[in-house]
$ cat query.cif   # mmCIF, C-alpha atoms
data_start
#
loop_
_atom_site.group_PDB
_atom_site.id
_atom_site.type_symbol
_atom_site.label_atom_id
_atom_site.label_comp_id
_atom_site.auth_asym_id
_atom_site.auth_seq_id
_atom_site.Cartn_x
_atom_site.Cartn_y
_atom_site.Cartn_z
ATOM 1 C CA MET A 1453 15.376 29.963 -26.424
ATOM 2 C CA PRO A 1454 13.384 31.742 -23.663
ATOM 3 C CA HIS A 1455 12.957 28.529 -21.650
ATOM 4 C CA ASP A 1456 16.715 28.145 -21.449
ATOM 5 C CA ASP A 1457 17.177 31.659 -20.089
ATOM 6 C CA PRO A 1458 18.010 31.568 -16.339
ATOM 7 C CA ASP A 1459 16.282 34.928 -15.991
ATOM 8 C CA HIS A 1460 13.029 33.583 -17.451
ATOM 9 C CA PRO A 1461 10.133 33.599 -14.899
ATOM 10 C CA HIS A 1462 10.064 29.765 -14.939
ATOM 11 C CA ALA A 1463 13.449 29.840 -13.225
ATOM 12 C CA LEU A 1464 11.949 31.838 -10.376
ATOM 13 C CA LEU A 1465 9.664 29.040 -9.189
ATOM 14 C CA PRO A 1466 10.489 28.075 -5.605
ATOM 15 C CA PRO A 1467 12.928 25.142 -5.383
ATOM 16 C CA ASP A 1468 11.141 23.501 -2.457
ATOM 17 C CA PRO A 1469 8.590 20.902 -3.731
ATOM 18 C CA ALA A 1470 5.979 21.911 -1.145
ATOM 19 C CA LEU A 1471 6.224 25.552 -2.233
ATOM 20 C CA ARG A 1472 5.975 24.540 -5.880
ATOM 21 C CA VAL A 1473 2.814 22.565 -5.142
ATOM 22 C CA LYS A 1474 1.338 25.533 -3.281
ATOM 23 C CA ALA A 1475 2.213 27.877 -6.150
ATOM 24 C CA LEU A 1476 0.603 25.519 -8.668
ATOM 25 C CA GLU A 1477 -2.487 25.204 -6.482
ATOM 26 C CA THR A 1478 -2.769 29.005 -6.296
ATOM 27 C CA ILE A 1479 -2.521 29.373 -10.088
ATOM 28 C CA LEU A 1480 -5.101 26.660 -10.764
ATOM 29 C CA THR A 1481 -7.460 28.113 -8.171
ATOM 30 C CA ARG A 1482 -7.225 31.605 -9.674
ATOM 31 C CA LYS A 1483 -8.005 30.160 -13.098
ATOM 32 C CA GLY A 1484 -11.056 28.426 -11.657
ATOM 33 C CA LEU A 1485 -9.748 24.973 -12.563
ATOM 34 C CA ILE A 1486 -9.843 23.513 -9.044
ATOM 35 C CA ASP A 1487 -11.879 24.017 -5.896
ATOM 36 C CA PRO A 1488 -9.597 24.324 -2.844
ATOM 37 C CA ALA A 1489 -12.259 22.766 -0.602
ATOM 38 C CA ALA A 1490 -12.512 19.728 -2.874
ATOM 39 C CA LEU A 1491 -8.727 19.466 -2.971
ATOM 40 C CA ASP A 1492 -8.558 19.605 0.840
ATOM 41 C CA GLU A 1493 -11.150 16.833 0.991
ATOM 42 C CA ILE A 1494 -9.109 14.621 -1.330
ATOM 43 C CA ILE A 1495 -5.923 15.212 0.662
ATOM 44 C CA ASP A 1496 -7.704 14.502 3.950
ATOM 45 C CA THR A 1497 -9.128 11.300 2.506
ATOM 46 C CA TYR A 1498 -5.760 9.903 1.520
ATOM 47 C CA GLN A 1499 -3.954 11.132 4.626
ATOM 48 C CA ASN A 1500 -6.485 10.176 7.261
ATOM 49 C CA ARG A 1501 -9.194 7.897 5.876
ATOM 50 C CA ILE A 1502 -7.481 5.821 3.212
ATOM 51 C CA GLY A 1503 -4.191 4.234 4.083
ATOM 52 C CA PRO A 1504 -2.417 1.328 5.735
ATOM 53 C CA GLN A 1505 -4.442 1.789 8.924
ATOM 54 C CA ASN A 1506 -7.445 0.343 7.076
ATOM 55 C CA GLY A 1507 -5.587 -2.787 6.068
ATOM 56 C CA ALA A 1508 -4.175 -3.036 9.599
ATOM 57 C CA ARG A 1509 -7.714 -3.119 10.999
ATOM 58 C CA VAL A 1510 -8.598 -5.960 8.642
ATOM 59 C CA VAL A 1511 -5.507 -7.945 9.614
ATOM 60 C CA ALA A 1512 -6.048 -7.428 13.351
ATOM 61 C CA LYS A 1513 -9.667 -8.534 13.070
ATOM 62 C CA ALA A 1514 -8.587 -11.652 11.152
ATOM 63 C CA TRP A 1515 -6.073 -12.481 13.887
ATOM 64 C CA ILE A 1516 -8.776 -12.322 16.551
ATOM 65 C CA ASP A 1517 -11.847 -13.668 14.759
ATOM 66 C CA PRO A 1518 -11.463 -17.076 13.029
ATOM 67 C CA ASP A 1519 -14.812 -16.768 11.230
ATOM 68 C CA PHE A 1520 -13.823 -13.373 9.837
ATOM 69 C CA ARG A 1521 -10.434 -14.779 8.784
ATOM 70 C CA ASN A 1522 -12.031 -17.689 6.957
ATOM 71 C CA ALA A 1523 -14.494 -15.418 5.157
ATOM 72 C CA LEU A 1524 -11.661 -13.058 4.245
ATOM 73 C CA LEU A 1525 -9.589 -15.840 2.710
ATOM 74 C CA ALA A 1526 -12.603 -17.264 0.885
ATOM 75 C CA ASP A 1527 -13.808 -14.000 -0.720
ATOM 76 C CA ALA A 1528 -12.274 -10.829 0.609
ATOM 77 C CA THR A 1529 -14.031 -8.227 -1.543
ATOM 78 C CA PRO A 1530 -17.493 -8.296 0.124
ATOM 79 C CA VAL A 1531 -15.931 -8.796 3.558
ATOM 80 C CA VAL A 1532 -13.791 -5.642 3.405
ATOM 81 C CA ALA A 1533 -16.623 -3.758 1.678
ATOM 82 C CA GLU A 1534 -18.787 -4.357 4.750
ATOM 83 C CA LEU A 1535 -16.122 -2.521 6.743
ATOM 84 C CA GLY A 1536 -16.348 0.410 4.321
ATOM 85 C CA PHE A 1537 -13.195 -0.370 2.333
ATOM 86 C CA TYR A 1538 -14.176 -0.411 -1.328
ATOM 87 C CA GLY A 1539 -14.139 1.730 -4.416
ATOM 88 C CA ARG A 1540 -11.528 2.709 -6.983
ATOM 89 C CA GLN A 1541 -8.531 0.356 -6.973
ATOM 90 C CA GLY A 1542 -10.372 -1.967 -4.606
ATOM 91 C CA GLU A 1543 -12.932 -3.601 -6.845
ATOM 92 C CA HIS A 1544 -11.560 -7.137 -6.427
ATOM 93 C CA ILE A 1545 -9.397 -7.897 -3.383
ATOM 94 C CA VAL A 1546 -7.762 -11.253 -2.721
ATOM 95 C CA VAL A 1547 -6.164 -11.974 0.672
ATOM 96 C CA VAL A 1548 -3.308 -14.475 0.887
ATOM 97 C CA GLU A 1549 -2.085 -15.785 4.231
ATOM 98 C CA ASN A 1550 1.489 -16.159 5.440
ATOM 99 C CA THR A 1551 2.312 -19.327 7.364
ATOM 100 C CA PRO A 1552 5.537 -20.897 8.651
ATOM 101 C CA GLU A 1553 5.601 -22.908 5.415
ATOM 102 C CA LEU A 1554 4.714 -20.109 2.963
ATOM 103 C CA HIS A 1555 5.593 -16.437 2.676
ATOM 104 C CA ASN A 1556 3.586 -14.337 0.207
ATOM 105 C CA MET A 1557 4.834 -11.242 -1.572
ATOM 106 C CA VAL A 1558 2.958 -8.865 -3.888
ATOM 107 C CA VAL A 1559 4.195 -7.019 -6.952
ATOM 108 C CA CYS A 1560 2.650 -5.429 -10.023
ATOM 109 C CA THR A 1561 4.929 -6.286 -12.924
ATOM 110 C CA LEU A 1562 3.133 -4.023 -15.421
ATOM 111 C CA CYS A 1563 2.614 -0.805 -13.459
ATOM 112 C CA SER A 1564 1.623 -0.249 -9.826
ATOM 113 C CA CYS A 1565 -1.743 -1.938 -9.210
ATOM 114 C CA TYR A 1566 -2.353 -1.807 -5.483
ATOM 115 C CA PRO A 1567 -5.324 -2.053 -3.057
ATOM 116 C CA TRP A 1568 -5.743 1.669 -2.395
ATOM 117 C CA PRO A 1569 -8.788 1.407 -0.070
ATOM 118 C CA LEU A 1570 -6.763 -0.823 2.260
ATOM 119 C CA LEU A 1571 -3.200 0.458 1.882
ATOM 120 C CA GLY A 1572 -3.501 3.970 0.509
ATOM 121 C CA ILE A 1573 -1.184 5.142 -2.265
ATOM 122 C CA PRO A 1574 1.666 2.753 -3.172
ATOM 123 C CA PRO A 1575 5.172 3.658 -2.011
ATOM 124 C CA GLY A 1576 7.717 4.785 -4.568
ATOM 125 C CA TRP A 1577 9.759 1.592 -4.410
ATOM 126 C CA TYR A 1578 6.660 -0.497 -5.256
ATOM 127 C CA LYS A 1579 6.382 1.399 -8.556
ATOM 128 C CA SER A 1580 10.102 1.158 -9.390
ATOM 129 C CA ASP A 1581 11.325 -0.877 -12.357
ATOM 130 C CA ALA A 1582 13.860 -2.628 -10.124
ATOM 131 C CA TYR A 1583 11.281 -3.944 -7.659
ATOM 132 C CA ARG A 1584 8.806 -4.933 -10.369
ATOM 133 C CA ALA A 1585 11.445 -6.977 -12.191
ATOM 134 C CA ARG A 1586 13.466 -8.413 -9.332
ATOM 135 C CA ALA A 1587 10.570 -9.398 -7.073
ATOM 136 C CA VAL A 1588 9.667 -12.074 -9.597
ATOM 137 C CA ARG A 1589 13.195 -13.186 -10.540
ATOM 138 C CA GLU A 1590 14.869 -13.187 -7.136
ATOM 139 C CA PRO A 1591 12.282 -12.677 -4.379
ATOM 140 C CA ARG A 1592 14.510 -13.957 -1.561
ATOM 141 C CA LYS A 1593 17.228 -11.443 -2.421
ATOM 142 C CA VAL A 1594 14.680 -8.641 -2.534
ATOM 143 C CA LEU A 1595 13.236 -9.735 0.814
ATOM 144 C CA ALA A 1596 16.741 -9.808 2.302
ATOM 145 C CA GLU A 1597 17.227 -6.203 1.192
ATOM 146 C CA PHE A 1598 14.061 -5.355 3.114
ATOM 147 C CA GLY A 1599 15.543 -7.113 6.159
ATOM 148 C CA ILE A 1600 13.645 -10.397 5.884
ATOM 149 C CA THR A 1601 15.620 -13.630 5.895
ATOM 150 C CA LEU A 1602 13.342 -16.641 5.694
ATOM 151 C CA PRO A 1603 14.225 -20.202 6.710
ATOM 152 C CA PRO A 1604 15.170 -22.365 3.699
ATOM 153 C CA GLU A 1605 12.119 -24.538 4.284
ATOM 154 C CA THR A 1606 9.743 -21.563 3.915
ATOM 155 C CA ALA A 1607 8.559 -21.243 0.331
ATOM 156 C CA VAL A 1608 8.067 -17.811 -1.254
ATOM 157 C CA ARG A 1609 5.132 -17.159 -3.540
ATOM 158 C CA VAL A 1610 4.955 -13.944 -5.567
ATOM 159 C CA TRP A 1611 1.520 -12.641 -6.577
ATOM 160 C CA ASP A 1612 1.233 -10.341 -9.591
ATOM 161 C CA SER A 1613 -1.349 -7.679 -8.877
ATOM 162 C CA THR A 1614 -3.376 -6.522 -11.881
ATOM 163 C CA ALA A 1615 -6.144 -4.116 -12.796
ATOM 164 C CA GLU A 1616 -8.607 -6.960 -12.124
ATOM 165 C CA ILE A 1617 -7.151 -8.395 -8.884
ATOM 166 C CA ARG A 1618 -5.301 -6.690 -6.073
ATOM 167 C CA TYR A 1619 -3.687 -8.669 -3.284
ATOM 168 C CA LEU A 1620 -3.318 -8.109 0.451
ATOM 169 C CA VAL A 1621 -0.996 -10.280 2.525
ATOM 170 C CA LEU A 1622 -2.314 -11.517 5.872
ATOM 171 C CA PRO A 1623 0.909 -11.682 7.897
ATOM 172 C CA MET A 1624 1.461 -14.101 10.748
ATOM 173 C CA ARG A 1625 0.437 -12.819 14.151
ATOM 174 C CA PRO A 1626 3.503 -11.971 16.259
ATOM 175 C CA GLU A 1627 4.252 -14.130 19.260
ATOM 176 C CA GLY A 1628 3.440 -12.679 22.663
ATOM 177 C CA THR A 1629 0.273 -10.887 21.516
ATOM 178 C CA GLU A 1630 -2.282 -13.282 22.966
ATOM 179 C CA GLY A 1631 -3.684 -10.744 25.427
ATOM 180 C CA LEU A 1632 -3.872 -7.789 23.049
ATOM 181 C CA GLY A 1633 -7.107 -6.332 21.714
ATOM 182 C CA GLU A 1634 -7.855 -5.405 18.134
ATOM 183 C CA ASP A 1635 -6.609 -1.808 18.374
ATOM 184 C CA ALA A 1636 -3.317 -2.847 19.942
ATOM 185 C CA LEU A 1637 -2.846 -5.557 17.328
ATOM 186 C CA ALA A 1638 -3.601 -3.158 14.481
ATOM 187 C CA ALA A 1639 -0.822 -0.894 15.741
ATOM 188 C CA LEU A 1640 1.657 -3.735 15.129
ATOM 189 C CA VAL A 1641 0.670 -4.222 11.486
ATOM 190 C CA THR A 1642 2.949 -2.421 9.032
ATOM 191 C CA ARG A 1643 2.206 -1.469 5.454
ATOM 192 C CA ASP A 1644 5.121 -3.572 4.223
ATOM 193 C CA SER A 1645 3.890 -6.629 6.119
ATOM 194 C CA MET A 1646 0.673 -6.430 4.065
ATOM 195 C CA ILE A 1647 2.706 -6.334 0.847
ATOM 196 C CA GLY A 1648 4.944 -9.139 2.040
ATOM 197 C CA THR A 1649 8.156 -7.119 2.121
ATOM 198 C CA GLY A 1650 8.023 -6.665 5.890
ATOM 199 C CA LEU A 1651 6.825 -8.241 9.107
ATOM 200 C CA PRO A 1652 4.515 -6.948 11.819
ATOM 201 C CA LYS A 1653 6.180 -5.159 14.707
ATOM 202 C CA ALA A 1654 6.908 -7.123 17.855
ATOM 203 C CA PRO A 1655 4.916 -6.120 20.942
ATOM 204 C CA SER A 1656 6.787 -3.786 23.256
#
$ encode --input "query.cif" --output "structure tokens"
Amino acid sequence: MPHDDPDHPHALLPPDPALRVKALETILTRKGLIDPAALDEIIDTYQNRIGPQNGARVVAKAWIDPDFRNALLADATPVVAELGFYGRQGEHIVVVENTPELHNMVVCTLCSCYPWPLLGIPPGWYKSDAYRARAVREPRKVLAEFGITLPPETAVRVWDSTAEIRYLVLPMRPEGTEGLGEDALAALVTRDSMIGTGLPKAPS
């Protein structure tokens, strides 16, 4: 068959994924199927305007402002919308808070539901069959593989994100950050800490 022929033009596509993407973009542009300017806008949005930095801002503000924290835990969707974080994959956000007694962890057992406006696009491991199955069955083992060993007295609660509800973990504020402002605190918040599979960075 032609598609099995190593000399067929399909075999001449560049092996590097970035070059393949560029080649595909060029073909689609020439056919008038995409607008390069619109594509650049989408890429810029996800690289620079939608991503974990948005969630980090929310967490840092909650650490500093008790009234904001309380409102966030009571009904997060309108609170984050006021900050400009809303839209597709962020229609209904629920924030759950980590404490010394309880550690929260988020998974989507059916697919990869995830709060895009706050965390950007989900990482590959979040979408994997292994994580989706094991996070529910053996969360402590999964956390240990991410480098988190919790005290035996700390309970673990796993939240199943769905198309209707997407969860964001409010991690505990690191010790030694009492004098830091919101920007400095936001820099300590990691994507994984807002999923529950990581912790915020310690202050330098």
$ closest_residue --input "query.cif" --among "A:Thr1481, A:Thr1642, A:Ser1656, A:Asn1550" --to "Arg1609 in chain A" --atoms "all atoms listed in the file"
A:Asn1550
$ atom_distance --input "query.cif" --atom1 "CA of Cys1560 in chain A" --atom2 "CA of Arg1584 in chain A"
6.2 Å
$ residues_around --input "query.cif" --residues "Pro1574 in chain A" --least-positions-apart "2" --cutoff "12 Å" --atoms "all atoms listed in the file" --output "tab-separated table (two decimals) with C-alpha atoms, in the frame of the given file"
chain	number	residue	atom	x	y	z
A	1498	TYR	CA	-5.76	9.90	1.52
A	1502	ILE	CA	-7.48	5.82	3.21
A	1503	GLY	CA	-4.19	4.23	4.08
A	1504	PRO	CA	-2.42	1.33	5.74
A	1541	GLN	CA	-8.53	0.36	-6.97
A	1558	VAL	CA	2.96	-8.86	-3.89
A	1559	VAL	CA	4.20	-7.02	-6.95
A	1560	CYS	CA	2.65	-5.43	-10.02
A	1563	CYS	CA	2.61	-0.80	-13.46
A	1564	SER	CA	1.62	-0.25	-9.83
A	1565	CYS	CA	-1.74	-1.94	-9.21
A	1566	TYR	CA	-2.35	-1.81	-5.48
A	1567	PRO	CA	-5.32	-2.05	-3.06
A	1568	TRP	CA	-5.74	1.67	-2.40
A	1569	PRO	CA	-8.79	1.41	-0.07
A	1570	LEU	CA	-6.76	-0.82	2.26
A	1571	LEU	CA	-3.20	0.46	1.88
A	1572	GLY	CA	-3.50	3.97	0.51
A	1576	GLY	CA	7.72	4.78	-4.57
A	1577	TRP	CA	9.76	1.59	-4.41
A	1578	TYR	CA	6.66	-0.50	-5.26
A	1579	LYS	CA	6.38	1.40	-8.56
A	1580	SER	CA	10.10	1.16	-9.39
A	1643	ARG	CA	2.21	-1.47	5.45
A	1644	ASP	CA	5.12	-3.57	4.22
A	1646	MET	CA	0.67	-6.43	4.07
A	1647	ILE	CA	2.71	-6.33	0.85
$ atom_distance --input "query.cif" --atom1 "CA of Gln1505 in chain A" --atom2 "CA of Ile1545 in chain A"
16.4 Å
$ atom_distance --input "query.cif" --atom1 "CA of Gly1599 in chain A" --atom2 "CA of His1555 in chain A"
14.1 Å
$ closest_residue --input "query.cif" --among "A:Leu1554, A:Leu1620, A:Leu1595, A:Pro1655" --to "Val1532 in chain A" --atoms "all atoms listed in the file"
A:Leu1620
$ residues_around --input "query.cif" --residues "Ala1596 in chain A" --least-positions-apart "5" --cutoff "12 Å" --atoms "all atoms listed in the file" --output "PyMOL selection string"
chain A and resi 1587+1590-1591+1601-1603+1648-1650
